[in-house]
Structures are given as structure tokens and as C-alpha cells.
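query-v6.csv follows (CSV, N, CA and C atoms):
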chain,number,residue,atom,x,y,z
C,1,MET,N,59.5,43.9,146.4
C,1,MET,CA,58.6,43.8,145.2
C,1,MET,C,57.2,44.4,145.6
C,2,LYS,N,56.7,44.0,146.8
C,2,LYS,CA,55.4,44.4,147.2
C,2,LYS,C,55.4,45.9,147.5
C,3,ILE,N,56.5,46.5,148.0
C,3,ILE,CA,56.6,47.9,148.2
C,3,ILE,C,56.6,48.7,146.9
C,4,ALA,N,57.3,48.2,145.9
C,4,ALA,CA,57.3,48.9,144.6
C,4,ALA,C,55.9,48.8,144.0
C,5,TYR,N,55.2,47.7,144.1
C,5,TYR,CA,53.9,47.6,143.6
C,5,TYR,C,53.0,48.6,144.3
C,6,ALA,N,53.0,48.6,145.6
C,6,ALA,CA,52.2,49.5,146.4
C,6,ALA,C,52.5,51.0,146.1
C,7,ALA,N,53.8,51.3,145.9
C,7,ALA,CA,54.1,52.7,145.6
C,7,ALA,C,53.6,53.1,144.2
C,8,ALA,N,53.7,52.2,143.2
C,8,ALA,CA,53.1,52.4,141.9
C,8,ALA,C,51.6,52.6,141.9
C,9,LEU,N,51.0,51.8,142.7
C,9,LEU,CA,49.5,51.8,142.8
C,9,LEU,C,49.1,53.1,143.5
C,10,LEU,N,49.8,53.6,144.5
C,10,LEU,CA,49.5,54.9,145.2
C,10,LEU,C,49.7,56.0,144.2
C,11,ALA,N,50.8,56.0,143.5
C,11,ALA,CA,51.1,57.1,142.5
C,11,ALA,C,50.0,57.2,141.5
C,12,GLY,N,49.6,56.0,141.0
C,12,GLY,CA,48.5,56.0,140.0
C,12,GLY,C,47.2,56.6,140.6
C,13,PHE,N,46.9,56.2,141.8
C,13,PHE,CA,45.7,56.7,142.5
C,13,PHE,C,45.8,58.2,142.7
C,14,ALA,N,47.0,58.7,143.1
C,14,ALA,CA,47.2,60.1,143.4
C,14,ALA,C,47.0,60.9,142.1
C,15,SER,N,47.4,60.4,140.9
C,15,SER,CA,47.3,61.1,139.7
C,15,SER,C,45.8,61.2,139.3
C,16,LEU,N,45.0,60.2,139.6
C,16,LEU,CA,43.6,60.2,139.3
C,16,LEU,C,42.9,61.3,140.2
C,17,VAL,N,43.3,61.3,141.5
C,17,VAL,CA,42.7,62.3,142.4
C,17,VAL,C,43.0,63.7,141.9
C,18,LEU,N,44.3,64.0,141.6
C,18,LEU,CA,44.7,65.3,141.2
C,18,LEU,C,44.0,65.7,139.9
C,19,ALA,N,43.8,64.7,138.9
C,19,ALA,CA,43.1,65.1,137.7
C,19,ALA,C,41.7,65.6,137.9
C,20,ASP,N,41.1,65.2,139.0
C,20,ASP,CA,39.7,65.6,139.3
C,20,ASP,C,39.7,67.0,139.9
C,21,GLU,N,40.9,67.5,140.3
C,21,GLU,CA,41.0,68.8,141.0
C,21,GLU,C,41.4,69.9,140.0
C,22,ILE,N,41.2,69.7,138.7
C,22,ILE,CA,41.5,70.7,137.7
C,22,ILE,C,40.4,71.8,137.8
C,23,PRO,N,40.8,73.1,137.9
C,23,PRO,CA,39.8,74.2,138.0
C,23,PRO,C,39.0,74.2,136.7
C,24,ARG,N,37.7,74.2,136.9
C,24,ARG,CA,36.8,74.2,135.7
C,24,ARG,C,35.7,75.3,135.9
C,25,ALA,N,35.6,76.1,134.9
C,25,ALA,CA,34.6,77.2,134.8
C,25,ALA,C,33.3,76.6,134.3
C,26,PRO,N,32.2,77.0,134.9
C,26,PRO,CA,30.9,76.6,134.3
C,26,PRO,C,30.6,77.4,133.1
C,27,VAL,N,30.2,76.8,132.0
C,27,VAL,CA,29.9,77.5,130.7
C,27,VAL,C,28.7,76.9,130.1
C,28,SER,N,28.0,77.7,129.3
C,28,SER,CA,26.8,77.2,128.6
C,28,SER,C,27.1,76.8,127.2
C,29,ASP,N,28.3,77.1,126.7
C,29,ASP,CA,28.8,76.6,125.4
C,29,ASP,C,30.4,76.6,125.5
C,30,PRO,N,31.0,75.8,124.6
C,30,PRO,CA,32.5,75.7,124.7
C,30,PRO,C,33.3,76.9,124.3
C,31,ARG,N,32.8,77.9,123.7
C,31,ARG,CA,33.6,79.0,123.2
C,31,ARG,C,34.5,79.7,124.2
C,32,PRO,N,33.9,80.0,125.4
C,32,PRO,CA,34.8,80.6,126.4
C,32,PRO,C,36.0,79.7,126.8
C,33,VAL,N,35.8,78.4,126.8
C,33,VAL,CA,36.9,77.5,127.2
C,33,VAL,C,37.9,77.5,126.0
C,34,MET,N,37.4,77.5,124.8
C,34,MET,CA,38.3,77.6,123.6
C,34,MET,C,39.2,78.9,123.7
C,35,LEU,N,38.5,80.0,124.0
C,35,LEU,CA,39.2,81.3,124.0
C,35,LEU,C,40.3,81.3,125.2
C,36,ALA,N,39.9,80.7,126.3
C,36,ALA,CA,40.8,80.6,127.4
C,36,ALA,C,42.1,79.8,127.0
C,37,ALA,N,41.9,78.7,126.3
C,37,ALA,CA,43.0,77.9,125.8
C,37,ALA,C,43.9,78.6,124.9
C,38,LEU,N,43.3,79.5,124.0
C,38,LEU,CA,44.1,80.3,123.1
C,38,LEU,C,45.0,81.3,123.9
C,39,GLN,N,44.5,81.8,125.0
C,39,GLN,CA,45.2,82.8,125.8
C,39,GLN,C,46.1,82.2,126.9
C,40,SER,N,45.9,80.9,127.1
C,40,SER,CA,46.7,80.2,128.2
C,40,SER,C,48.2,80.0,127.7
C,41,VAL,N,49.1,80.1,128.7
C,41,VAL,CA,50.5,79.9,128.4
C,41,VAL,C,50.7,78.4,128.0
C,42,ASN,N,50.0,77.5,128.7
C,42,ASN,CA,50.2,76.1,128.4
C,42,ASN,C,49.2,75.6,127.3
C,43,GLY,N,48.4,76.5,126.8
C,43,GLY,CA,47.5,76.1,125.7
C,43,GLY,C,46.3,75.2,126.1
C,44,GLU,N,46.0,75.2,127.4
C,44,GLU,CA,44.9,74.3,127.9
C,44,GLU,C,43.9,75.2,128.7
C,45,ALA,N,42.6,74.7,128.7
C,45,ALA,CA,41.6,75.3,129.5
C,45,ALA,C,40.5,74.2,129.7
C,46,HIS,N,39.8,74.3,130.8
C,46,HIS,CA,38.9,73.3,131.2
C,46,HIS,C,37.6,73.9,131.7
C,47,GLY,N,36.5,73.3,131.4
C,47,GLY,CA,35.2,73.8,131.9
C,47,GLY,C,34.2,72.7,132.1
C,48,ILE,N,33.0,73.1,132.6
C,48,ILE,CA,31.9,72.2,132.8
C,48,ILE,C,30.7,72.8,132.1
C,49,LEU,N,30.1,72.0,131.2
C,49,LEU,CA,29.0,72.5,130.4
C,49,LEU,C,27.8,72.5,131.4
C,50,ASN,N,27.1,73.6,131.4
C,50,ASN,CA,25.8,73.7,132.2
C,50,ASN,C,24.7,74.3,131.3
C,51,GLY,N,23.5,74.4,131.9
C,51,GLY,CA,22.4,74.9,131.2
C,51,GLY,C,21.4,73.8,130.7
C,52,GLU,N,20.4,74.2,130.0
C,52,GLU,CA,19.4,73.3,129.6
C,52,GLU,C,19.8,72.1,128.8
C,53,ILE,N,20.7,72.4,127.8
C,53,ILE,CA,21.1,71.2,127.0
C,53,ILE,C,21.9,70.2,127.8
C,54,ALA,N,22.9,70.7,128.6
C,54,ALA,CA,23.7,69.8,129.5
C,54,ALA,C,22.8,69.1,130.4
C,55,ASP,N,21.8,69.7,131.0
C,55,ASP,CA,20.9,69.1,131.9
C,55,ASP,C,20.1,68.0,131.2
C,56,ALA,N,19.6,68.3,130.0
C,56,ALA,CA,18.8,67.4,129.3
C,56,ALA,C,19.6,66.1,128.9
C,57,LEU,N,20.8,66.3,128.5
C,57,LEU,CA,21.7,65.2,128.1
C,57,LEU,C,22.0,64.3,129.3
C,58,THR,N,22.3,65.0,130.4
C,58,THR,CA,22.7,64.2,131.6
C,58,THR,C,21.5,63.4,132.1
C,59,GLN,N,20.3,64.0,132.0
C,59,GLN,CA,19.1,63.3,132.5
C,59,GLN,C,18.7,62.2,131.5
C,60,ARG,N,18.8,62.4,130.2
C,60,ARG,CA,18.4,61.5,129.2
C,60,ARG,C,19.3,60.2,129.3
C,61,PHE,N,20.6,60.4,129.5
C,61,PHE,CA,21.5,59.2,129.6
C,61,PHE,C,21.8,58.8,131.0
C,62,ALA,N,21.1,59.3,132.0
C,62,ALA,CA,21.2,58.9,133.4
C,62,ALA,C,22.7,59.0,133.8
C,63,ALA,N,23.4,60.0,133.4
C,63,ALA,CA,24.8,60.1,133.6
C,63,ALA,C,25.1,60.4,135.1
C,64,THR,N,26.2,60.1,135.6
C,64,THR,CA,26.6,60.3,137.0
C,64,THR,C,27.5,61.4,137.2
C,65,SER,N,27.8,62.2,136.2
C,65,SER,CA,28.7,63.3,136.3
C,65,SER,C,28.3,64.4,135.4
C,66,PRO,N,28.7,65.7,135.6
C,66,PRO,CA,28.5,66.7,134.7
C,66,PRO,C,29.2,66.4,133.3
C,67,ILE,N,28.9,67.2,132.3
C,67,ILE,CA,29.6,67.2,131.1
C,67,ILE,C,30.9,68.0,131.2
C,68,TYR,N,32.0,67.4,131.1
C,68,TYR,CA,33.3,68.2,131.2
C,68,TYR,C,33.8,68.6,129.8
C,69,ILE,N,34.5,69.7,129.8
C,69,ILE,CA,35.1,70.2,128.5
C,69,ILE,C,36.6,70.4,128.8
C,70,ASP,N,37.4,69.7,128.0
C,70,ASP,CA,38.9,69.9,128.0
C,70,ASP,C,39.4,70.4,126.7
C,71,VAL,N,40.0,71.5,126.6
C,71,VAL,CA,40.5,72.1,125.4
C,71,VAL,C,42.1,72.1,125.4
C,72,THR,N,42.7,71.5,124.4
C,72,THR,CA,44.2,71.6,124.4
C,72,THR,C,44.6,72.1,123.0
C,73,THR,N,45.7,72.8,123.0
C,73,THR,CA,46.3,73.4,121.8
C,73,THR,C,47.2,72.3,121.1
C,74,GLU,N,46.9,72.0,119.9
C,74,GLU,CA,47.7,71.1,119.1
C,74,GLU,C,48.8,71.8,118.3
C,75,LYS,N,48.5,73.0,117.9
C,75,LYS,CA,49.4,73.7,117.0
C,75,LYS,C,49.1,75.2,117.1
C,76,ARG,N,50.0,76.1,117.3
C,76,ARG,CA,49.8,77.5,117.2
C,76,ARG,C,50.2,78.0,115.8
C,77,TYR,N,49.4,78.8,115.2
C,77,TYR,CA,49.7,79.3,113.9
C,77,TYR,C,50.4,80.7,113.9
C,78,ALA,N,51.0,81.1,112.8
C,78,ALA,CA,51.7,82.3,112.7
C,78,ALA,C,50.8,83.5,113.0
C,79,GLN,N,49.6,83.5,112.6
C,79,GLN,CA,48.6,84.5,112.9
C,79,GLN,C,48.4,84.6,114.4
C,80,ALA,N,48.6,85.8,115.0
C,80,ALA,CA,48.5,85.9,116.4
C,80,ALA,C,47.1,85.5,116.9
C,81,GLY,N,47.1,84.8,118.0
C,81,GLY,CA,45.8,84.4,118.6
C,81,GLY,C,45.1,83.3,117.9
C,82,CYS,N,45.8,82.5,117.1
C,82,CYS,CA,45.1,81.5,116.3
C,82,CYS,C,45.8,80.1,116.5
C,83,ALA,N,45.1,79.1,116.6
C,83,ALA,CA,45.7,77.7,116.9
C,83,ALA,C,44.7,76.6,116.4
C,84,ARG,N,45.3,75.4,116.3
C,84,ARG,CA,44.5,74.2,116.1
C,84,ARG,C,44.2,73.7,117.5
C,85,LEU,N,42.9,73.6,117.8
C,85,LEU,CA,42.5,73.1,119.1
C,85,LEU,C,41.9,71.7,119.1
C,86,ASN,N,42.1,71.0,120.1
C,86,ASN,CA,41.3,69.7,120.3
C,86,ASN,C,40.3,70.0,121.4
C,87,VAL,N,39.0,69.8,121.1
C,87,VAL,CA,38.0,70.0,122.1
C,87,VAL,C,37.4,68.7,122.5
C,88,ARG,N,37.5,68.4,123.8
C,88,ARG,CA,37.0,67.1,124.2
C,88,ARG,C,35.8,67.3,125.2
C,89,PHE,N,34.7,66.7,124.9
C,89,PHE,CA,33.6,66.6,125.9
C,89,PHE,C,33.6,65.2,126.5
C,90,TRP,N,33.4,65.1,127.8
C,90,TRP,CA,33.3,63.7,128.4
C,90,TRP,C,32.4,63.8,129.6
C,91,GLN,N,31.8,62.6,129.8
C,91,GLN,CA,30.9,62.4,130.9
C,91,GLN,C,31.0,61.0,131.4
C,92,ASP,N,30.9,60.8,132.8
C,92,ASP,CA,31.0,59.5,133.4
C,92,ASP,C,29.5,59.0,133.6
C,93,GLY,N,29.4,57.7,133.6
C,93,GLY,CA,28.2,57.0,134.0
C,93,GLY,C,27.1,57.2,132.9
C,94,VAL,N,27.5,57.3,131.7
C,94,VAL,CA,26.5,57.4,130.6
C,94,VAL,C,26.0,56.1,130.2
C,95,LEU,N,24.6,55.9,130.2
C,95,LEU,CA,24.0,54.7,129.8
C,95,LEU,C,23.4,54.9,128.4
C,96,LEU,N,24.1,54.4,127.4
C,96,LEU,CA,23.6,54.5,126.0
C,96,LEU,C,22.4,53.5,125.8
C,97,PRO,N,21.5,53.8,124.9
C,97,PRO,CA,20.4,52.9,124.5
C,97,PRO,C,21.0,51.5,124.1
C,98,GLY,N,20.5,50.5,124.7
C,98,GLY,CA,20.9,49.1,124.3
C,98,GLY,C,22.1,48.6,125.1
C,99,ALA,N,22.8,49.5,125.9
C,99,ALA,CA,23.9,49.1,126.7
C,99,ALA,C,23.4,48.6,128.0
C,100,SER,N,24.2,47.6,128.5
C,100,SER,CA,23.8,47.0,129.8
C,100,SER,C,24.4,47.7,131.0
C,101,THR,N,25.5,48.4,130.8
C,101,THR,CA,26.2,49.1,131.9
C,101,THR,C,26.6,50.5,131.5
C,102,PRO,N,26.6,51.5,132.4
C,102,PRO,CA,27.0,52.8,132.1
C,102,PRO,C,28.5,52.9,131.9
C,103,ARG,N,29.0,53.9,131.2
C,103,ARG,CA,30.5,54.0,131.0
C,103,ARG,C,30.8,55.5,130.7
C,104,ARG,N,32.1,55.8,130.6
C,104,ARG,CA,32.5,57.1,130.3
C,104,ARG,C,32.3,57.3,128.7
C,105,GLN,N,31.7,58.4,128.4
C,105,GLN,CA,31.5,58.7,127.0
C,105,GLN,C,32.3,59.9,126.6
C,106,THR,N,33.1,59.8,125.6
C,106,THR,CA,34.0,60.9,125.2
C,106,THR,C,33.8,61.2,123.7
C,107,ILE,N,33.8,62.6,123.4
C,107,ILE,CA,33.7,63.0,122.0
C,107,ILE,C,34.8,64.1,121.8
C,108,ASP,N,35.6,63.9,120.8
C,108,ASP,CA,36.7,64.8,120.5
C,108,ASP,C,36.5,65.4,119.1
C,109,PHE,N,36.8,66.7,119.0
C,109,PHE,CA,36.8,67.3,117.6
C,109,PHE,C,37.9,68.3,117.6
C,110,GLY,N,38.5,68.5,116.4
C,110,GLY,CA,39.5,69.5,116.2
C,110,GLY,C,39.0,70.7,115.4
C,111,ILE,N,39.5,71.9,115.7
C,111,ILE,CA,39.0,73.1,115.1
C,111,ILE,C,40.1,74.1,115.0
C,112,ASN,N,40.2,74.8,113.9
C,112,ASN,CA,41.1,75.9,113.7
C,112,ASN,C,40.4,77.1,114.2
C,113,TYR,N,40.9,77.8,115.2
C,113,TYR,CA,40.1,78.9,115.9
C,113,TYR,C,41.0,80.0,116.3
C,114,CYS,N,40.5,81.2,116.2
C,114,CYS,CA,41.2,82.5,116.6
C,114,CYS,C,40.4,83.2,117.7
C,115,LEU,N,41.1,84.1,118.3
C,115,LEU,CA,40.5,84.9,119.4
C,115,LEU,C,39.3,85.7,119.0
C,116,ASP,N,39.2,86.0,117.7
C,116,ASP,CA,38.1,86.8,117.2
C,116,ASP,C,36.9,85.8,116.8
C,117,GLY,N,37.1,84.5,117.1
C,117,GLY,CA,36.0,83.6,116.8
C,117,GLY,C,36.0,83.0,115.4
C,118,GLN,N,36.9,83.5,114.6
C,118,GLN,CA,37.0,83.1,113.2
C,118,GLN,C,38.1,82.1,113.0
C,119,PRO,N,38.1,81.4,111.8
C,119,PRO,CA,39.3,80.5,111.5
C,119,PRO,C,40.4,81.4,111.1
C,120,PRO,N,41.7,80.8,111.2
C,120,PRO,CA,42.8,81.6,110.8
C,120,PRO,C,42.8,81.9,109.3
C,121,HIS,N,43.5,82.9,108.8
C,121,HIS,CA,43.7,83.2,107.4
C,121,HIS,C,44.6,82.2,106.7
C,122,SER,N,45.5,81.7,107.5
C,122,SER,CA,46.5,80.7,106.9
C,122,SER,C,46.8,79.6,108.0
C,123,LEU,N,47.1,78.5,107.5
C,123,LEU,CA,47.4,77.4,108.4
C,123,LEU,C,48.9,77.2,108.6
C,124,LYS,N,49.7,78.3,108.3
C,124,LYS,CA,51.1,78.3,108.6
C,124,LYS,C,51.4,78.9,109.9
Whole structure given in C-alpha cells:
Amino acid sequence: MKIAYAAALLAGFASLVLADEIPRAPVSDPRPVMLAALQSVNGEAHGILNGEIADALTQRFAATSPIYIDVTTEKRYAQAGCARLNVRFWQDGVLLPGASTPRRQTIDFGINYCLDGQPPHSLK
């Protein structure tokens, strides 16, 4: 029983370590990550937001990590190069006003997006 518990604990720890090893491109806005997800075979792309806005947010909320961007494809449309994307921004160690302890803050939004930067003509 102890061996099974230890193996499960190690497997969980290993998955957390591997999750942090995702290749992430530094970007000043999410569009390049969204375009990369559209072009990716698995429909995913990852980045780290940098620049003045990212620095200001990180400093304002005393965060302990950069702002990460994860884009996943929820649905590909018939129009070539178009999909429904989920765009997730997240950051560790965010101390919100009135909070007593920092935590991970995550914001998700969905968007219909094409390689030309426009929405698709049809949602089919």
C-alpha cells in the first residue's frame, strides 16, 4: 500500500515538473500564440507575456511568476485556418487587494479566430 501511494505521489510530482517545461515564446500580446495554435498539429501553443503591461501587472500584484499564456483549440471550422480558441492567462503568487495570501490567478476567454486575424465567415 505504501509503495502504491509513493508511486502515485511521484507520478503526480513528475507531471507538475514536466508541465513547467513547456516551451514558451516571449510575446508582447497574445496574437502570435493564437496564430501558432491555429497552425499547430495538436492545436496548442504557449507563451509568456512580456513588455510594459506585463511588468506593470506583475509589479502591481507582487506576483511571483511571469504571466503565462496557454492557447488551446476547442473546435476547427470548415474555413481553412479558422478555429474556436480558448486563451488562458495565468500567473502564480498574485496578491489581490484585500486578500491575505497570494494565489494563482487565471483568466480564460474564448474567441473565434482565423490566420488572417479576422473571425471566420461561418461557424460550421
Legend entry - Secondary structure check, strand (DSSP E) residues of chain C, as a VMD selection string: chain C and resid 25 to 27 44 to 49 67 to 76 82 to 94 103 to 114
Per-residue nearest contacts region 16-48 of chain C to region 73-81 of chain C, cut-off 6.5 Å, using only N, CA and C atoms, as a tab-separated table:
residue	atom	partner	partner_atom	distance
C:Ala37	C	C:Thr73	N	6.4
C:Leu38	CA	C:Gly81	C	6.1
C:Asn42	C	C:Thr73	N	6.2
C:Gly43	C	C:Thr73	N	4.0
C:Glu44	N	C:Thr73	N	5.0
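The coordinates place CA of Gly110 (chain C) at 14.6 Å from atom N of Leu123 (chain C).
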Inset, instruction - Measuring atom to atom with only C-alpha atoms, identify which of C:Pro23, C:Pro30, C:Gly93, C:Pro120 is nearest to Leu49 (chain C). - result: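 Smallest separation from Leu49 (chain C) among the options: C:Pro30.
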Protein, DNA and RNA residues within 6 Å of (28.9, 76.4, 132.9), all atoms listed in the file, as a PDB file with N, CA and C atoms, in the coordinates of the input:
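After the write, selection-v7.pdb holds the following:
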ATOM      1  N   ALA C  25      35.600  76.100 134.900  1.00  0.00           N
ATOM      2  CA  ALA C  25      34.600  77.200 134.800  1.00  0.00           C
ATOM      3  C   ALA C  25      33.300  76.600 134.300  1.00  0.00           C
ATOM      4  N   PRO C  26      32.200  77.000 134.900  1.00  0.00           N
ATOM      5  CA  PRO C  26      30.900  76.600 134.300  1.00  0.00           C
ATOM      6  C   PRO C  26      30.600  77.400 133.100  1.00  0.00           C
ATOM      7  N   VAL C  27      30.200  76.800 132.000  1.00  0.00           N
ATOM      8  CA  VAL C  27      29.900  77.500 130.700  1.00  0.00           C
ATOM      9  C   VAL C  27      28.700  76.900 130.100  1.00  0.00           C
ATOM     10  N   SER C  28      28.000  77.700 129.300  1.00  0.00           N
ATOM     11  CA  SER C  28      26.800  77.200 128.600  1.00  0.00           C
ATOM     12  C   SER C  28      27.100  76.800 127.200  1.00  0.00           C
ATOM     13  N   ILE C  48      33.000  73.100 132.600  1.00  0.00           N
ATOM     14  CA  ILE C  48      31.900  72.200 132.800  1.00  0.00           C
ATOM     15  C   ILE C  48      30.700  72.800 132.100  1.00  0.00           C
ATOM     16  N   LEU C  49      30.100  72.000 131.200  1.00  0.00           N
ATOM     17  CA  LEU C  49      29.000  72.500 130.400  1.00  0.00           C
ATOM     18  C   LEU C  49      27.800  72.500 131.400  1.00  0.00           C
ATOM     19  N   ASN C  50      27.100  73.600 131.400  1.00  0.00           N
ATOM     20  CA  ASN C  50      25.800  73.700 132.200  1.00  0.00           C
ATOM     21  C   ASN C  50      24.700  74.300 131.300  1.00  0.00           C
ATOM     22  N   GLY C  51      23.500  74.400 131.900  1.00  0.00           N
ATOM     23  CA  GLY C  51      22.400  74.900 131.200  1.00  0.00           C
ATOM     24  C   GLY C  51      21.400  73.800 130.700  1.00  0.00           C
TER      25      GLY C  51
END
Legend entry - Using all atoms listed in the file: which of C:Asn86, C:Ile111, C:Thr58, C:Ala36 has the shortest distance to Val71 (chain C): C:Asn86
Protein and nucleic acid residues near (26.0, 69.0, 135.8) (cut-off 6.5 Å, all atoms listed in the file) as a JSON list (two decimals) with N, CA and C atoms, in the coordinates of the input:
[["chain", "number", "residue", "atom", "x", "y", "z"],
["C", 49, "LEU", "N", 30.10, 72.00, 131.20],
["C", 49, "LEU", "CA", 29.00, 72.50, 130.40],
["C", 49, "LEU", "C", 27.80, 72.50, 131.40],
["C", 50, "ASN", "N", 27.10, 73.60, 131.40],
["C", 50, "ASN", "CA", 25.80, 73.70, 132.20],
["C", 50, "ASN", "C", 24.70, 74.30, 131.30],
["C", 54, "ALA", "N", 22.90, 70.70, 128.60],
["C", 54, "ALA", "CA", 23.70, 69.80, 129.50],
["C", 54, "ALA", "C", 22.80, 69.10, 130.40],
["C", 55, "ASP", "N", 21.80, 69.70, 131.00],
["C", 55, "ASP", "CA", 20.90, 69.10, 131.90],
["C", 55, "ASP", "C", 20.10, 68.00, 131.20],
["C", 65, "SER", "N", 27.80, 62.20, 136.20],
["C", 65, "SER", "CA", 28.70, 63.30, 136.30],
["C", 65, "SER", "C", 28.30, 64.40, 135.40],
["C", 66, "PRO", "N", 28.70, 65.70, 135.60],
["C", 66, "PRO", "CA", 28.50, 66.70, 134.70],
["C", 66, "PRO", "C", 29.20, 66.40, 133.30],
["C", 67, "ILE", "N", 28.90, 67.20, 132.30],
["C", 67, "ILE", "CA", 29.60, 67.20, 131.10],
["C", 67, "ILE", "C", 30.90, 68.00, 131.20]]
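Reported to one decimal place, the separation of atom C of Arg24 (chain C) from atom N of Tyr113 (chain C) is 21.5 Å.
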Start from the incomplete input, build N, CA, C and O atoms for region 41-53 of chain C, and deliver everything as a PDB file, in the frame of the given file.
ATOM      1  N   VAL C  41      49.100  80.100 128.700  1.00  0.00           N
ATOM      2  CA  VAL C  41      50.500  79.900 128.400  1.00  0.00           C
ATOM      3  C   VAL C  41      50.700  78.400 128.000  1.00  0.00           C
ATOM      4  O   VAL C  41      51.465  78.167 127.084  1.00  0.00           O
ATOM      5  N   ASN C  42      50.000  77.500 128.700  1.00  0.00           N
ATOM      6  CA  ASN C  42      50.200  76.100 128.400  1.00  0.00           C
ATOM      7  C   ASN C  42      49.200  75.600 127.300  1.00  0.00           C
ATOM      8  O   ASN C  42      49.278  74.406 126.940  1.00  0.00           O
ATOM      9  N   GLY C  43      48.400  76.500 126.800  1.00  0.00           N
ATOM     10  CA  GLY C  43      47.500  76.100 125.700  1.00  0.00           C
ATOM     11  C   GLY C  43      46.300  75.200 126.100  1.00  0.00           C
ATOM     12  O   GLY C  43      45.682  74.556 125.295  1.00  0.00           O
ATOM     13  N   GLU C  44      46.000  75.200 127.400  1.00  0.00           N
ATOM     14  CA  GLU C  44      44.900  74.300 127.900  1.00  0.00           C
ATOM     15  C   GLU C  44      43.900  75.200 128.700  1.00  0.00           C
ATOM     16  O   GLU C  44      44.227  76.169 129.283  1.00  0.00           O
ATOM     17  N   ALA C  45      42.600  74.700 128.700  1.00  0.00           N
ATOM     18  CA  ALA C  45      41.600  75.300 129.500  1.00  0.00           C
ATOM     19  C   ALA C  45      40.500  74.200 129.700  1.00  0.00           C
ATOM     20  O   ALA C  45      40.425  73.224 128.937  1.00  0.00           O
ATOM     21  N   HIS C  46      39.800  74.300 130.800  1.00  0.00           N
ATOM     22  CA  HIS C  46      38.900  73.300 131.200  1.00  0.00           C
ATOM     23  C   HIS C  46      37.600  73.900 131.700  1.00  0.00           C
ATOM     24  O   HIS C  46      37.584  74.997 132.319  1.00  0.00           O
ATOM     25  N   GLY C  47      36.500  73.300 131.400  1.00  0.00           N
ATOM     26  CA  GLY C  47      35.200  73.800 131.900  1.00  0.00           C
ATOM     27  C   GLY C  47      34.200  72.700 132.100  1.00  0.00           C
ATOM     28  O   GLY C  47      34.462  71.489 131.929  1.00  0.00           O
ATOM     29  N   ILE C  48      33.000  73.100 132.600  1.00  0.00           N
ATOM     30  CA  ILE C  48      31.900  72.200 132.800  1.00  0.00           C
ATOM     31  C   ILE C  48      30.700  72.800 132.100  1.00  0.00           C
ATOM     32  O   ILE C  48      30.348  73.936 132.355  1.00  0.00           O
ATOM     33  N   LEU C  49      30.100  72.000 131.200  1.00  0.00           N
ATOM     34  CA  LEU C  49      29.000  72.500 130.400  1.00  0.00           C
ATOM     35  C   LEU C  49      27.800  72.500 131.400  1.00  0.00           C
ATOM     36  O   LEU C  49      27.471  71.508 132.050  1.00  0.00           O
ATOM     37  N   ASN C  50      27.100  73.600 131.400  1.00  0.00           N
ATOM     38  CA  ASN C  50      25.800  73.700 132.200  1.00  0.00           C
ATOM     39  C   ASN C  50      24.700  74.300 131.300  1.00  0.00           C
ATOM     40  O   ASN C  50      24.919  74.627 130.172  1.00  0.00           O
ATOM     41  N   GLY C  51      23.500  74.400 131.900  1.00  0.00           N
ATOM     42  CA  GLY C  51      22.400  74.900 131.200  1.00  0.00           C
ATOM     43  C   GLY C  51      21.400  73.800 130.700  1.00  0.00           C
ATOM     44  O   GLY C  51      21.593  72.662 131.092  1.00  0.00           O
ATOM     45  N   GLU C  52      20.400  74.200 130.000  1.00  0.00           N
ATOM     46  CA  GLU C  52      19.400  73.300 129.600  1.00  0.00           C
ATOM     47  C   GLU C  52      19.800  72.100 128.800  1.00  0.00           C
ATOM     48  O   GLU C  52      19.368  71.010 129.052  1.00  0.00           O
ATOM     49  N   ILE C  53      20.700  72.400 127.800  1.00  0.00           N
ATOM     50  CA  ILE C  53      21.100  71.200 127.000  1.00  0.00           C
ATOM     51  C   ILE C  53      21.900  70.200 127.800  1.00  0.00           C
ATOM     52  O   ILE C  53      21.731  69.024 127.715  1.00  0.00           O
TER      53      ILE C  53
END
